[in-house]
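Pasted below: work-v9.tsv, TSV, C-alpha atoms and all ligand atoms.
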```tsv
chain	number	residue	atom	x	y	z
A	20	MET	CA	158.21	107.21	7.01
A	21	LYS	CA	160.61	108.76	9.50
A	22	ILE	CA	157.71	109.69	11.80
A	23	LEU	CA	156.35	106.14	11.56
A	24	SER	CA	159.66	104.53	12.48
A	25	SER	CA	160.23	106.95	15.35
A	26	LEU	CA	156.67	106.23	16.52
A	27	ARG	CA	157.50	102.53	16.56
A	28	GLU	CA	160.67	103.12	18.59
A	29	HIS	CA	159.43	105.59	21.23
A	30	LEU	CA	156.95	104.55	23.86
A	31	GLY	CA	156.56	108.20	24.98
A	32	LEU	CA	155.53	109.32	21.50
A	33	LYS	CA	153.10	106.41	21.20
A	34	LEU	CA	151.49	107.27	24.54
A	35	PHE	CA	151.34	110.97	23.68
A	36	LEU	CA	149.74	110.32	20.28
A	37	SER	CA	147.25	107.87	21.75
A	38	TYR	CA	146.17	110.54	24.27
A	39	LEU	CA	145.90	113.04	21.41
A	40	VAL	CA	143.74	110.68	19.37
A	41	ILE	CA	141.44	110.21	22.39
A	42	VAL	CA	141.14	113.99	22.81
A	43	LEU	CA	140.47	114.54	19.11
A	44	VAL	CA	137.84	111.80	18.97
A	45	GLY	CA	136.18	113.35	22.06
A	46	GLY	CA	136.27	116.80	20.39
A	47	VAL	CA	134.82	115.52	17.10
A	48	VAL	CA	132.04	113.66	18.91
A	49	LEU	CA	131.28	116.79	20.97
A	50	ALA	CA	131.15	119.05	17.89
A	51	GLY	CA	129.13	116.52	15.87
A	52	THR	CA	126.61	116.04	18.68
A	53	ALA	CA	126.27	119.82	19.16
A	54	GLU	CA	125.86	120.29	15.39
A	55	PHE	CA	123.24	117.57	15.20
A	56	HIS	CA	121.17	118.50	18.27
A	57	ALA	CA	121.60	122.28	18.40
A	58	PRO	CA	119.02	123.18	15.66
A	59	THR	CA	116.25	121.09	17.29
A	60	VAL	CA	116.98	122.42	20.76
A	61	LEU	CA	117.22	126.04	19.55
A	62	GLN	CA	113.99	125.69	17.56
A	63	ARG	CA	112.19	124.54	20.71
A	64	HIS	CA	113.53	127.50	22.73
A	65	ILE	CA	112.59	130.00	20.03
A	66	GLU	CA	109.08	128.58	19.85
A	67	ARG	CA	108.73	129.10	23.60
A	68	MET	CA	110.10	132.66	23.31
A	69	GLN	CA	107.69	133.38	20.43
A	70	ALA	CA	104.83	132.48	22.73
A	71	VAL	CA	106.04	135.27	25.07
A	72	LEU	CA	107.34	137.88	22.55
A	73	GLY	CA	104.72	137.44	19.83
A	74	ASP	CA	104.80	135.76	16.43
A	75	ASP	CA	107.47	137.59	14.40
A	76	PRO	CA	109.16	135.28	11.79
A	77	GLY	CA	111.97	137.80	11.16
A	78	LEU	CA	112.87	137.94	14.88
A	79	ALA	CA	112.75	134.15	15.13
A	80	ALA	CA	115.13	133.67	12.20
A	81	ASP	CA	117.45	136.33	13.65
A	82	LEU	CA	117.45	134.68	17.08
A	83	PHE	CA	118.12	131.25	15.58
A	84	GLU	CA	121.09	132.49	13.59
A	85	ASN	CA	122.62	134.40	16.53
A	86	PHE	CA	122.22	131.49	18.92
A	87	ASN	CA	123.74	129.11	16.41
A	88	ALA	CA	126.71	131.41	15.85
A	89	ALA	CA	127.18	131.81	19.64
A	90	ILE	CA	127.19	128.04	20.17
A	91	GLY	CA	129.70	127.59	17.36
A	92	GLU	CA	131.97	130.25	18.89
A	93	ILE	CA	131.73	128.75	22.36
A	94	LEU	CA	132.56	125.32	20.96
A	95	VAL	CA	135.65	126.59	19.10
A	96	ILE	CA	137.01	128.47	22.16
A	97	ALA	CA	136.27	125.55	24.51
A	98	SER	CA	137.90	123.11	22.07
A	99	ILE	CA	141.09	125.19	21.85
A	100	PHE	CA	141.39	125.47	25.66
A	101	SER	CA	140.58	121.81	26.26
A	102	LEU	CA	143.06	120.74	23.57
A	103	VAL	CA	145.85	122.78	25.19
A	104	ALA	CA	144.93	121.40	28.63
A	105	ALA	CA	144.78	117.84	27.24
A	106	ILE	CA	148.18	118.17	25.54
A	107	ALA	CA	149.76	119.50	28.75
A	108	THR	CA	148.21	116.69	30.81
A	109	SER	CA	149.24	113.98	28.34
A	110	ILE	CA	152.85	115.25	28.30
A	111	PHE	CA	152.89	115.13	32.11
A	112	VAL	CA	151.36	111.63	32.30
A	113	THR	CA	153.61	110.31	29.52
A	114	ARG	CA	156.69	111.57	31.33
A	115	ARG	CA	155.55	109.94	34.58
A	116	ILE	CA	155.28	106.57	32.83
A	117	VAL	CA	158.17	106.75	30.38
A	118	GLY	CA	160.65	108.46	32.74
A	119	PRO	CA	161.14	105.50	35.13
A	120	ILE	CA	161.32	103.08	32.19
A	121	GLN	CA	164.08	105.16	30.61
A	122	ILE	CA	165.98	105.27	33.91
A	123	MET	CA	165.66	101.49	34.15
A	124	MET	CA	166.88	101.10	30.59
A	125	HIS	CA	170.00	103.19	31.20
A	126	ALA	CA	170.70	101.33	34.46
A	127	SER	CA	170.41	97.99	32.65
A	128	TYR	CA	172.97	99.18	30.07
A	129	LYS	CA	175.36	100.01	32.91
A	130	ILE	CA	174.81	96.66	34.62
A	131	ALA	CA	175.41	94.88	31.31
A	132	ALA	CA	178.70	96.80	31.15
A	133	GLY	CA	179.73	95.40	34.55
A	134	LYS	CA	178.70	98.29	36.84
A	135	TYR	CA	176.81	96.07	39.27
A	136	HIS	CA	176.43	98.71	41.99
A	137	GLU	CA	173.87	100.57	39.82
A	138	ARG	CA	170.44	101.02	41.47
A	139	ILE	CA	167.31	102.94	40.40
A	140	PRO	CA	164.81	105.00	42.41
A	141	VAL	CA	161.48	103.28	43.15
A	142	PRO	CA	158.76	105.50	41.63
A	143	GLY	CA	155.85	104.36	43.85
A	144	ASN	CA	153.83	101.33	44.83
A	145	ASP	CA	152.24	100.55	41.48
A	146	GLU	CA	153.47	98.05	38.88
A	147	LEU	CA	156.32	100.39	37.85
A	148	GLY	CA	157.44	100.56	41.49
A	149	ALA	CA	157.31	96.75	41.75
A	150	LEU	CA	159.33	96.47	38.54
A	151	ALA	CA	161.94	98.93	39.90
A	152	ARG	CA	162.18	96.96	43.17
A	153	SER	CA	162.70	93.65	41.40
A	154	PHE	CA	165.23	95.33	39.11
A	155	ASN	CA	167.19	96.49	42.17
A	156	ARG	CA	166.99	93.01	43.69
A	157	MET	CA	168.36	91.52	40.49
A	158	ALA	CA	171.20	94.08	40.47
A	159	GLU	CA	172.04	93.23	44.09
A	160	GLU	CA	172.09	89.51	43.35
A	161	LEU	CA	174.36	90.09	40.35
A	162	GLU	CA	176.67	92.25	42.46
A	163	GLN	CA	176.95	89.50	45.08
A	164	ILE	CA	177.65	86.85	42.45
A	165	GLU	CA	180.36	89.07	40.96
A	166	GLN	CA	181.86	89.66	44.42
A	167	ARG	CA	181.90	85.91	45.10
A	168	ARG	CA	183.58	85.33	41.74
A	169	LEU	CA	186.28	87.91	42.53
A	170	ASP	CA	186.77	86.44	46.02
A	171	LEU	CA	187.11	82.98	44.54
A	172	ILE	CA	189.77	84.06	42.06
A	173	GLY	CA	191.64	85.91	44.84
A	174	ASN	CA	191.43	82.93	47.18
A	175	VAL	CA	192.57	80.41	44.58
A	176	ALA	CA	195.52	82.61	43.63
A	177	HIS	CA	196.41	82.97	47.32
A	178	GLU	CA	196.18	79.22	47.92
A	179	LEU	CA	198.37	78.44	44.92
A	180	ARG	CA	201.00	81.04	45.72
A	181	THR	CA	202.38	79.47	48.93
A	182	PRO	CA	203.16	75.92	47.69
A	183	LEU	CA	204.38	77.24	44.34
A	184	SER	CA	206.81	79.72	45.88
A	185	SER	CA	208.00	77.05	48.31
A	186	ILE	CA	208.74	74.70	45.37
A	187	ARG	CA	210.49	77.53	43.48
A	188	VAL	CA	212.66	78.52	46.44
A	189	THR	CA	213.67	74.88	47.07
A	190	LEU	CA	214.50	74.29	43.39
A	191	GLU	CA	216.50	77.54	43.22
A	192	GLY	CA	218.38	76.45	46.33
A	193	VAL	CA	219.24	73.11	44.71
A	194	ILE	CA	220.29	74.76	41.43
A	195	ASP	CA	222.46	77.33	43.23
A	196	GLY	CA	224.01	74.61	45.38
A	197	VAL	CA	222.65	76.17	48.61
A	198	LEU	CA	220.43	73.15	49.28
A	199	PRO	CA	221.72	69.58	48.94
A	200	ALA	CA	220.21	67.58	46.06
A	201	GLU	CA	219.18	64.76	48.35
A	202	THR	CA	216.03	62.71	49.00
A	203	GLU	CA	214.85	64.90	51.88
A	204	THR	CA	214.88	68.04	49.71
A	205	PHE	CA	212.89	66.31	47.00
A	206	GLN	CA	210.46	64.93	49.55
A	207	GLY	CA	209.75	68.53	50.60
A	208	ILE	CA	208.93	69.36	46.99
A	209	GLN	CA	206.80	66.24	46.74
A	210	ARG	CA	204.80	67.31	49.79
A	211	GLU	CA	204.08	70.71	48.24
A	212	VAL	CA	203.07	69.08	44.93
A	213	SER	CA	200.71	66.75	46.82
A	214	ARG	CA	199.22	69.77	48.57
A	215	LEU	CA	198.65	71.43	45.19
A	216	GLN	CA	197.04	68.26	43.86
A	217	ARG	CA	194.76	68.06	46.89
A	218	LEU	CA	193.84	71.70	46.43
A	219	VAL	CA	193.01	71.21	42.74
A	220	HIS	CA	190.91	68.16	43.62
A	221	ASP	CA	189.07	70.12	46.35
A	222	LEU	CA	188.49	73.02	43.95
A	223	GLU	CA	187.02	70.70	41.34
A	224	GLU	CA	184.78	69.16	43.94
A	225	LEU	CA	183.78	72.60	45.24
A	226	SER	CA	182.89	73.93	41.80
A	227	ARG	CA	180.82	70.83	41.08
A	228	ALA	CA	179.09	71.09	44.47
A	229	GLU	CA	178.33	74.78	44.02
A	230	ALA	CA	176.94	74.15	40.54
A	231	GLY	CA	174.80	71.34	42.00
A	232	GLN	CA	176.55	68.88	39.68
A	233	ILE	CA	177.59	66.25	42.18
A	234	PRO	CA	175.23	63.38	41.44
A	235	ILE	CA	173.37	62.23	44.55
A	236	ARG	CA	172.31	58.61	44.05
A	237	LYS	CA	169.82	58.21	46.84
A	238	GLN	CA	168.95	54.82	48.17
A	239	SER	CA	167.61	53.39	51.37
A	240	VAL	CA	170.62	53.20	53.69
A	241	SER	CA	171.10	52.24	57.29
A	242	PRO	CA	172.64	55.20	59.17
A	243	ALA	CA	174.49	52.83	61.51
A	244	ASP	CA	176.20	51.07	58.57
A	245	VAL	CA	177.34	54.33	56.98
A	246	ILE	CA	178.64	55.68	60.30
A	247	ARG	CA	180.55	52.47	61.10
A	248	GLN	CA	182.10	52.44	57.66
A	249	ALA	CA	183.33	56.04	57.97
A	250	VAL	CA	184.64	55.37	61.48
A	251	SER	CA	186.51	52.23	60.38
A	252	ARG	CA	188.39	54.29	57.77
A	253	LEU	CA	189.75	56.69	60.39
A	254	GLU	CA	190.24	54.30	63.30
A	255	MET	CA	193.97	53.89	62.72
A	256	GLN	CA	194.60	57.63	62.53
A	257	TYR	CA	192.67	58.19	65.79
A	258	GLU	CA	194.74	55.48	67.44
A	259	ASP	CA	197.97	56.97	66.11
A	260	LYS	CA	197.16	60.35	67.64
A	261	ASP	CA	195.77	58.78	70.83
A	262	VAL	CA	192.34	60.39	70.45
A	263	ALA	CA	189.50	58.17	71.69
A	264	LEU	CA	186.56	57.87	69.29
A	265	GLN	CA	183.34	56.93	71.11
A	266	ILE	CA	180.25	55.98	69.11
A	267	GLU	CA	176.71	55.92	70.39
A	268	ILE	CA	174.04	55.00	67.84
A	269	GLU	CA	170.39	54.71	68.90
A	270	PRO	CA	169.30	51.11	68.29
A	271	GLU	CA	166.95	50.39	65.38
A	272	LEU	CA	167.35	53.71	63.62
A	273	PRO	CA	165.09	53.79	60.55
A	274	PRO	CA	166.79	53.89	57.13
A	275	VAL	CA	167.32	57.24	55.37
A	276	GLN	CA	167.18	58.06	51.66
A	277	ALA	CA	170.79	59.05	50.99
A	278	ASP	CA	173.81	58.49	48.80
A	279	PRO	CA	176.02	56.34	51.10
A	280	GLU	CA	179.22	57.49	49.40
A	281	ARG	CA	178.42	61.19	49.84
A	282	LEU	CA	177.22	60.71	53.40
A	283	THR	CA	180.47	58.90	54.18
A	284	GLN	CA	182.39	61.80	52.59
A	285	VAL	CA	180.66	64.28	54.93
A	286	LEU	CA	181.32	62.10	57.99
A	287	LEU	CA	184.97	61.65	57.00
A	288	ASN	CA	185.35	65.43	56.69
A	289	LEU	CA	183.81	66.07	60.13
A	290	LEU	CA	185.60	63.18	61.85
A	291	GLY	CA	188.87	64.20	60.12
A	292	ASN	CA	188.50	67.79	61.34
A	293	ALA	CA	187.63	66.61	64.86
A	294	LEU	CA	190.81	64.53	64.88
A	295	GLN	CA	192.93	67.32	63.43
A	296	TYR	CA	191.78	69.93	65.96
A	297	THR	CA	191.74	67.66	69.04
A	298	PRO	CA	195.00	67.16	70.96
A	299	GLY	CA	196.07	63.61	71.83
A	300	GLY	CA	194.69	62.10	75.02
A	301	ARG	CA	191.26	63.68	74.54
A	302	GLU	CA	187.97	62.36	73.16
A	303	VAL	CA	185.67	62.64	70.16
A	304	ASN	CA	182.08	61.44	70.44
A	305	LEU	CA	179.80	60.49	67.58
A	306	LEU	CA	176.12	60.25	68.47
A	307	ALA	CA	173.19	59.37	66.23
A	308	TRP	CA	169.51	59.38	67.10
A	309	GLN	CA	166.08	60.05	65.69
A	310	ALA	CA	164.23	63.27	66.54
A	311	ASP	CA	160.74	63.61	65.03
A	312	HIS	CA	161.20	62.96	61.33
A	313	GLU	CA	164.91	63.61	61.31
A	314	LEU	CA	168.08	61.63	61.73
A	315	VAL	CA	170.52	63.60	63.88
A	316	ILE	CA	174.24	62.84	63.76
A	317	GLU	CA	176.41	64.79	66.17
A	318	ILE	CA	180.19	64.86	66.28
A	319	ARG	CA	181.50	66.36	69.53
A	320	ASP	CA	185.16	66.91	70.09
A	321	GLU	CA	187.22	68.09	73.04
A	322	GLY	CA	189.51	70.05	70.77
A	323	ILE	CA	190.65	73.64	70.34
A	324	GLY	CA	187.08	74.94	69.99
A	325	ILE	CA	185.93	77.86	67.85
A	326	ALA	CA	185.46	81.48	68.96
A	327	ALA	CA	181.91	82.81	68.53
A	328	GLU	CA	182.83	85.33	65.83
A	329	HIS	CA	184.03	82.55	63.50
A	330	LEU	CA	181.00	80.26	63.85
A	331	PRO	CA	178.74	82.00	61.27
A	332	HIS	CA	181.50	81.82	58.61
A	333	LEU	CA	182.77	78.29	59.07
A	334	PHE	CA	180.85	76.83	56.11
A	335	GLU	CA	181.99	79.59	53.74
A	336	ARG	CA	184.51	78.53	51.17
A	337	PHE	CA	188.20	79.08	52.08
A	338	TYR	CA	187.28	80.13	55.61
A	339	ARG	CA	189.86	79.06	58.14
A	340	VAL	CA	189.95	80.14	61.74
A	341	ASP	CA	193.70	80.03	62.06
A	342	LYS	CA	195.17	80.25	58.60
A	343	SER	CA	198.77	79.35	59.47
A	344	ARG	CA	197.77	76.34	61.56
A	345	SER	CA	195.41	74.97	58.91
A	346	ARG	CA	197.97	75.43	56.20
A	347	THR	CA	200.54	73.29	57.94
A	348	GLY	CA	197.79	70.71	58.42
A	349	GLY	CA	197.03	70.88	54.72
A	350	GLY	CA	193.54	72.37	55.06
A	351	SER	CA	192.29	74.89	52.54
A	352	GLY	CA	188.95	75.69	54.16
A	353	ILE	CA	186.90	73.98	51.46
A	354	GLY	CA	185.90	70.73	53.19
A	355	LEU	CA	183.04	72.14	55.25
A	356	THR	CA	181.66	74.08	52.27
A	357	ILE	CA	181.46	70.85	50.25
A	358	SER	CA	179.91	69.05	53.23
A	359	ARG	CA	177.24	71.72	53.54
A	360	HIS	CA	176.37	71.41	49.84
A	361	LEU	CA	176.20	67.61	50.10
A	362	VAL	CA	173.98	67.67	53.20
A	363	GLU	CA	171.69	70.28	51.63
A	364	ALA	CA	171.50	68.21	48.43
A	365	HIS	CA	170.00	65.50	50.67
A	366	GLY	CA	167.40	67.97	51.96
A	367	GLY	CA	169.22	68.21	55.28
A	368	ARG	CA	171.06	70.82	57.37
A	369	ILE	CA	174.47	71.06	58.95
A	370	SER	CA	175.41	73.33	61.85
A	371	VAL	CA	178.18	74.01	64.29
A	372	ALA	CA	178.31	75.08	67.91
A	373	SER	CA	181.17	75.72	70.29
A	374	PRO	CA	181.23	77.16	73.81
A	375	GLY	CA	184.53	78.91	72.95
A	376	LEU	CA	188.25	78.49	72.54
A	377	ASP	CA	189.69	75.24	73.90
A	378	GLN	CA	186.23	74.03	74.88
A	379	GLY	CA	185.58	71.71	71.95
A	380	SER	CA	183.16	71.92	69.05
A	381	THR	CA	180.00	70.11	68.02
A	382	PHE	CA	178.96	69.60	64.41
A	383	THR	CA	175.38	68.45	63.81
A	384	ILE	CA	173.87	66.93	60.69
A	385	ARG	CA	170.10	66.62	60.33
A	386	LEU	CA	168.67	64.48	57.55
A	387	PRO	CA	165.01	63.90	56.81
A	388	ILE	CA	163.85	60.34	57.49
A	401	LIG	P1	190.09	72.64	56.42
A	401	LIG	O1	190.45	71.83	55.24
A	401	LIG	O2	190.91	73.90	56.55
A	401	LIG	O3	189.95	71.88	57.67
A	401	LIG	P2	187.24	72.91	56.57
A	401	LIG	O4	186.28	73.56	55.65
A	401	LIG	O5	187.04	71.45	56.82
A	401	LIG	O6	188.66	73.19	55.99
A	401	LIG	O7	187.22	73.70	57.92
A	401	LIG	C1	187.27	75.10	57.93
A	401	LIG	C2	187.88	75.63	59.19
A	401	LIG	O8	187.00	75.37	60.28
A	401	LIG	C3	189.18	74.98	59.59
A	401	LIG	O9	190.26	75.59	58.95
A	401	LIG	C4	189.21	75.20	61.08
A	401	LIG	O10	189.71	76.50	61.35
A	401	LIG	C5	187.75	75.18	61.47
A	401	LIG	N1	187.33	73.87	62.05
A	401	LIG	C6	186.72	72.86	61.38
A	401	LIG	N2	186.47	71.82	62.20
A	401	LIG	C7	186.91	72.19	63.42
A	401	LIG	C8	186.92	71.56	64.70
A	401	LIG	N3	186.43	70.33	64.88
A	401	LIG	N4	187.46	72.24	65.74
A	401	LIG	C9	187.96	73.48	65.57
A	401	LIG	N5	187.96	74.14	64.38
A	401	LIG	C10	187.45	73.50	63.32
```
Entire entry expressed as structure tokens:
Amino acid sequence: MKILSSLREHLGLKLFLSYLVIVLVGGVVLAGTAEFHAPTVLQRHIERMQAVLGDDPGLAADLFENFNAAIGEILVIASIFSLVAAIATSIFVTRRIVGPIQIMMHASYKIAAGKYHERIPVPGNDELGALARSFNRMAEELEQIEQRRLDLIGNVAHELRTPLSSIRVTLEGVIDGVLPAETETFQGIQREVSRLQRLVHDLEELSRAEAGQIPIRKQSVSPADVIRQAVSRLEMQYEDKDVALQIEIEPELPPVQADPERLTQVLLNLLGNALQYTPGGREVNLLAWQADHELVIEIRDEGIGIAAEHLPHLFERFYRVDKSRSRTGGGSGIGLTISRHLVEAHGGRISVASPGLDQGSTFTIRLPI
């Protein structure tokens, strides 16, 4: 019973026994065939020898017996040697197959326990090698997901700390009588609370975007209408800061399949950023045209620009070029990440280019037509 259950649980034992069964069956067939054919073959040989040596029945019987015994002996010796060789070979082959599987098994236990850096050696180019490679890929993916999770927690904690400590310090000041309990003090607290609320809203939006849970209700929309609507919502703010907003839309642009609300959200984010990072007296240009089967919307500003080393990271969550400046402006570095998710959910792409600091930036959206 114990042997049966251990046979069921160990692949190595199963493989080894299956090799052994093959060897034994081969041996039995060999011995049986020799036993069956040997008398006929020997009889034929003895008859031939009798033709040469003369007809002596005693000699013939003697020869037959001796030959038979010799064949039996040879078979026994050969069987013992071949069995030993077969056992040695099957142990070697079993180890070659079971070894990598055991390594993989132990690595998977470690990964399940949270040790995501675990990797296994690739044993070759066969199926086991392919399995090991895909195992390592899976481990790498899991490690990256875990890293992103840790980063997210760290970033959220960091973002919450500043407004919360500012509120605490102000309240302590009021309680201790260091700060006057007047409207201006409370307005400061209100500003920080609003910032926290905005952050929580952005975080909710980000988590929904990253989980692909923001519903995209696509319909046939006119790009010009969506652009004009987004622009009209920011016109006042552009005027207030004295930044000129120039729009150039190619006439008769074909409609695109998009969610107008989400597209507006992306445009508001880009136009809002352009306004925030462009000093008064300068210009922001919005251009839209058709290129092949794509609608291209470009927002060019004459603002502070972006240094080359920051460009590849701009769409990463919580990424801000100048953390102190963005914080005073209320930015948390989430807007562009959400925009990227929204554009990609439409089957499009979003990119950024900038010649360098203080030379403006250009954000480009491409949507399939
Ligand atoms: P935020 O809410 O901080 O603006 P975003 O995700 O919208 O977050 O932008 C990320 C960062 O990219 C900003 O903090 C800013 O450093 C940089 N950035 C975005 N748009 C521009 C722009 N038009 N000009 C210069 N820098 C920009």
Can you list every residue of chain A that has an atom at most 6 Å from ligand LIG 401 (chain A), with its nearest atom pair and the distance in Å to one decimal, using only C-alpha atoms and all ligand atoms, ordered by chain then number, as JSON lines?
```
{"residue": "A:Asn292", "atom": "CA", "partner": "A:LIG401", "partner_atom": "N2", "distance": 4.6}
{"residue": "A:Ala293", "atom": "CA", "partner": "A:LIG401", "partner_atom": "N3", "distance": 3.9}
{"residue": "A:Tyr296", "atom": "CA", "partner": "A:LIG401", "partner_atom": "N4", "distance": 4.9}
{"residue": "A:Gly322", "atom": "CA", "partner": "A:LIG401", "partner_atom": "N4", "distance": 5.9}
{"residue": "A:Ile323", "atom": "CA", "partner": "A:LIG401", "partner_atom": "C9", "distance": 5.5}
{"residue": "A:Gly324", "atom": "CA", "partner": "A:LIG401", "partner_atom": "C9", "distance": 4.7}
{"residue": "A:Ile325", "atom": "CA", "partner": "A:LIG401", "partner_atom": "C9", "distance": 5.3}
{"residue": "A:Leu333", "atom": "CA", "partner": "A:LIG401", "partner_atom": "O8", "distance": 5.3}
{"residue": "A:Tyr338", "atom": "CA", "partner": "A:LIG401", "partner_atom": "C1", "distance": 5.5}
{"residue": "A:Arg339", "atom": "CA", "partner": "A:LIG401", "partner_atom": "O9", "distance": 3.6}
{"residue": "A:Val340", "atom": "CA", "partner": "A:LIG401", "partner_atom": "O10", "distance": 3.7}
{"residue": "A:Asp341", "atom": "CA", "partner": "A:LIG401", "partner_atom": "O10", "distance": 5.4}
{"residue": "A:Ser345", "atom": "CA", "partner": "A:LIG401", "partner_atom": "O9", "distance": 5.2}
{"residue": "A:Gly350", "atom": "CA", "partner": "A:LIG401", "partner_atom": "O1", "distance": 3.1}
{"residue": "A:Ser351", "atom": "CA", "partner": "A:LIG401", "partner_atom": "O2", "distance": 4.4}
{"residue": "A:Gly352", "atom": "CA", "partner": "A:LIG401", "partner_atom": "O6", "distance": 3.1}
{"residue": "A:Ile353", "atom": "CA", "partner": "A:LIG401", "partner_atom": "O4", "distance": 4.3}
{"residue": "A:Gly354", "atom": "CA", "partner": "A:LIG401", "partner_atom": "O4", "distance": 3.8}
{"residue": "A:Leu355", "atom": "CA", "partner": "A:LIG401", "partner_atom": "O4", "distance": 3.6}
{"residue": "A:Thr356", "atom": "CA", "partner": "A:LIG401", "partner_atom": "O4", "distance": 5.7}
{"residue": "A:Ser380", "atom": "CA", "partner": "A:LIG401", "partner_atom": "N4", "distance": 5.4}
```
Given all atoms listed in the file as the counted atoms, nearest of A:Thr381, A:Asp221, A:Phe35, A:Asn155 to Ala107 (chain A)
A:Phe35
Quote the spacing between CA of Pro76 (chain A) and CA of Glu54 (chain A) in Å to one decimal place.
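A separation of 22.7 Å between them.
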Judged by all atoms listed in the file, the minimum distance to Pro119 (chain A) among A:Glu146, A:Glu165, A:Glu28, A:Glu280 is found for A:Glu146
Have a look at CA of Gly46 (chain A) and CA of Glu84 (chain A) and let me know their distance in Å, one decimal.
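Spanning CA of Gly46 (chain A) to CA of Glu84 (chain A) is a straight-line distance of 22.9 Å.
Separating CA of Gly367 (chain A) from CA of Arg385 (chain A) is a distance of 5.4 Å.
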Best match for closeness to Ala372 (chain A) among A:Ile41, A:Val117, A:Leu272, A:Ala326, counting all atoms listed in the file:
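Among A:Ile41, A:Val117, A:Leu272, A:Ala326, it is A:Ala326 that comes nearest to Ala372 (chain A).
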Show me, as a ChimeraX atom specification, the residues that have an atom within 10 Å of region 309-314 of chain A when counting only C-alpha atoms, minus same-chain residues fewer than 6 positions from it.
/A:242,268-275,367,384-388
Considering only C-alpha atoms, state which residue in the set A:Thr283, A:Thr189, A:Ser24, A:Thr181 is at the smallest distance from Ala243 (chain A).
A:Thr283
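Using only C-alpha atoms, the contacts of Leu82 (chain A) at a cut-off of 10 Å, with sequence neighbours closer than 3 positions omitted, comprise Leu61, Gln62, His64, Ile65, Met68, Pro76, Gly77, Leu78, Ala79, Asn85, Phe86, Asn87 and Ala88 of chain A.
For the choices A:Ile93, A:Leu306, A:Leu161, A:Val193, the atom-to-atom distance to Lys134 (chain A) is smallest for A:Leu161 when using all atoms listed in the file.
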Identify which of the residues A:Ser185, A:Thr202, A:Ser251, A:Ser241 lies closest to Arg214 (chain A), counting all atoms listed in the file when measuring atom-to-atom distances.
A:Ser185
Hey, can you pull every residue with an atom no more than 10 Å from (163.1, 99.5, 36.0), using all atoms listed in the file, and send it as a list in words?
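Here is the list of nearby residues: Gly118, Pro119, Ile120, Gln121, Ile122, Met123, Met124, His125, Ala126, Ser127, Arg138, Ile139, Pro140, Val141, Pro142, Leu147, Gly148, Ala149, Leu150, Ala151, Arg152, Ser153, Phe154 and Asn155 of chain A.
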For Leu287 (chain A), please output as JSON, numbers by chain all residues within 12 Å (counting only C-alpha atoms; exclusion window: fewer than 6 positions along the same chain).
{"A": [245, 246, 247, 248, 249, 250, 251, 252, 253, 254, 256, 279, 280, 281, 293, 294, 295, 305, 318, 354, 355, 357, 358]}
Write out as a list in words which residues come within 12 Å of Val40 (chain A) when counting all atoms listed in the file, dropping same-chain ones fewer than 6 positions away.
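My reading of the contact set: Lys33, Leu34, Gly46, Val47, Leu102, Ala105, Ile106 and Ser109 of chain A.
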Show me, as lines of an AutoDock Vina configuration file, the centre and edge lengths in Å to one decimal of the axis-aligned box that covers every listed atom of region 43-46 of chain A with 3 Å on each side.
```
center_x = 138.3
center_y = 114.3
center_z = 20.5
size_x = 10.3
size_y = 11.0
size_z = 9.1
```
Exercise: residues within 10 Å of coordinate (177.3, 67.1, 43.1), counting only C-alpha atoms, as number ranges by chain:
A: 224-236, 281, 357, 360-361, 364
With only C-alpha atoms as the counted atoms, please give the residues lying no more than 7 Å from Leu264 (chain A), apart from itself and same-chain residues fewer than 5 positions off, as a list of chain:residue names.
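My list of contacting residues is A:Glu302, A:Val303, A:Asn304.
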Since the input has fewer atoms than a full residue there, write region 302-307 of chain A out with N, CA, C and O atoms, as a short mmCIF file (atom, residue, chain, number, x, y, z; two decimals), keeping the file's coordinate frame.
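The resulting selection07.cif:
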```
data_model
loop_
_atom_site.label_atom_id
_atom_site.label_comp_id
_atom_site.auth_asym_id
_atom_site.auth_seq_id
_atom_site.Cartn_x
_atom_site.Cartn_y
_atom_site.Cartn_z
N GLU A 302 189.02 63.24 73.68
CA GLU A 302 187.97 62.36 73.16
C GLU A 302 187.15 63.02 72.06
O GLU A 302 186.94 64.23 72.07
N VAL A 303 186.66 62.17 71.15
CA VAL A 303 185.67 62.64 70.16
C VAL A 303 184.48 61.69 70.27
O VAL A 303 184.65 60.48 70.34
N ASN A 304 183.28 62.26 70.33
CA ASN A 304 182.08 61.44 70.44
C ASN A 304 181.21 61.58 69.20
O ASN A 304 180.98 62.71 68.74
N LEU A 305 180.75 60.44 68.70
CA LEU A 305 179.80 60.49 67.58
C LEU A 305 178.47 59.92 68.08
O LEU A 305 178.42 58.77 68.55
N LEU A 306 177.42 60.71 68.02
CA LEU A 306 176.12 60.25 68.47
C LEU A 306 175.12 60.31 67.33
O LEU A 306 175.19 61.23 66.50
N ALA A 307 174.23 59.34 67.27
CA ALA A 307 173.19 59.37 66.23
C ALA A 307 171.86 58.96 66.85
O ALA A 307 171.80 57.99 67.61
#
```
